[in-house]
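Asks: Next up is a structure, given as structure tokens.
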Amino acid sequence: MFHKKTEAAMPLAFMLLALVTFIYTLRIPRDDGMFLKLIAGIMFVSAAGILYFTLKEKKNTVNLEGVDVRKVVITVVILALYTVSLKWIGYIAATFVLGVFTIRFLNYKFWPAIIGFSALVTVLSFGVFQVLLGVPLPAPFFL
């Protein structure tokens, strides 16, 4: 039972974070805060689903054999750098570089495919967020 309590802590923490975020967005004007409200709602529902399945499980086994901790740490550091770099190099450049790194980090070596797929993902995500949803994305510092 101890493991279930431990595993339930993560979704409960995310549910609490989603609630705090949603309450915070109530102070933001309706149109400006809608995206954050949507993210908070999705996060709450996802965490509630994880909590449900965690508590429903009869037996829980976690197998960490074969996990490369070095790769996990590198990935977290790169995602943190991506987040920090968004403000000064902008969404398009940061997302493209993240795509190139991620694909190359997965040991793909064919550079035309790496560049092409990274560009495609960047353009599609920019189109969805900026054009379709009207979400303001960070521009480079020189614009």
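In the structure tokens, chains take letters A, B, ... by order of appearance, with residues numbered from 1 within each chain and ligands from 1 in the order shown.
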Need the shell around Ser85 of chain A: protein/DNA/RNA residues with any atom at most 10 Å away, counting only C-alpha atoms. Skip same-chain ones fewer than 6 positions apart. Format as a PDB file with N, CA and C atoms, in the first residue's frame?

Replies:
ATOM      1  N   LEU A  79      15.629  20.388 -22.507  1.00  0.00           N
ATOM      2  CA  LEU A  79      14.296  20.983 -22.432  1.00  0.00           C
ATOM      3  C   LEU A  79      14.304  22.267 -21.597  1.00  0.00           C
ATOM      4  N   TYR A  91      10.505  31.428 -30.885  1.00  0.00           N
ATOM      5  CA  TYR A  91       9.881  30.111 -30.969  1.00  0.00           C
ATOM      6  C   TYR A  91      10.401  29.290 -32.147  1.00  0.00           C
ATOM      7  N   ALA A  93      13.199  29.426 -34.098  1.00  0.00           N
ATOM      8  CA  ALA A  93      14.589  28.947 -34.028  1.00  0.00           C
ATOM      9  C   ALA A  93      14.769  27.929 -32.906  1.00  0.00           C
ATOM     10  N   ALA A  94      14.206  28.208 -31.723  1.00  0.00           N
ATOM     11  CA  ALA A  94      14.378  27.294 -30.583  1.00  0.00           C
ATOM     12  C   ALA A  94      13.720  25.944 -30.854  1.00  0.00           C
ATOM     13  N   THR A  95      12.538  25.955 -31.447  1.00  0.00           N
ATOM     14  CA  THR A  95      11.832  24.702 -31.736  1.00  0.00           C
ATOM     15  C   THR A  95      12.551  23.908 -32.805  1.00  0.00           C
ATOM     16  N   PRO A 138       6.850  33.560 -28.627  1.00  0.00           N
ATOM     17  CA  PRO A 138       8.001  34.437 -28.453  1.00  0.00           C
ATOM     18  C   PRO A 138       8.722  34.712 -29.781  1.00  0.00           C
ATOM     19  N   PRO A 140      12.182  36.459 -31.702  1.00  0.00           N
ATOM     20  CA  PRO A 140      13.593  36.681 -31.338  1.00  0.00           C
ATOM     21  C   PRO A 140      13.812  38.082 -30.772  1.00  0.00           C
TER      22      PRO A 140
END

Asks: Within 9 Å of Val121 of chain A, counting only C-alpha atoms, which residues show up once you throw out same-chain ones fewer than 3 positions away? Write them as a count of residues only, please.

Replies: 9

Asks: Got a sec: who's within 10 Å of Phe14 of chain A, counting only C-alpha atoms, leaving out chain neighbours fewer than 2 positions off, as a list of chain:residue names?

Replies: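 After dropping sequence-adjacent residues, the list is A:Ala9, A:Met10, A:Pro11, A:Leu12, A:Leu16, A:Leu17, A:Ala18, A:Leu19, A:Val20, A:Ala40, A:Met43, A:Phe44, A:Val45, A:Ser46, A:Ala47, A:Ala48.
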
Asks: Which one is closest to Ile50 of chain A: A:Ala8, A:Ala113, A:Ile89, A:Thr102? Count only C-alpha atoms.

Replies: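 Closest residue, counting only C-alpha atoms: A:Ala8.
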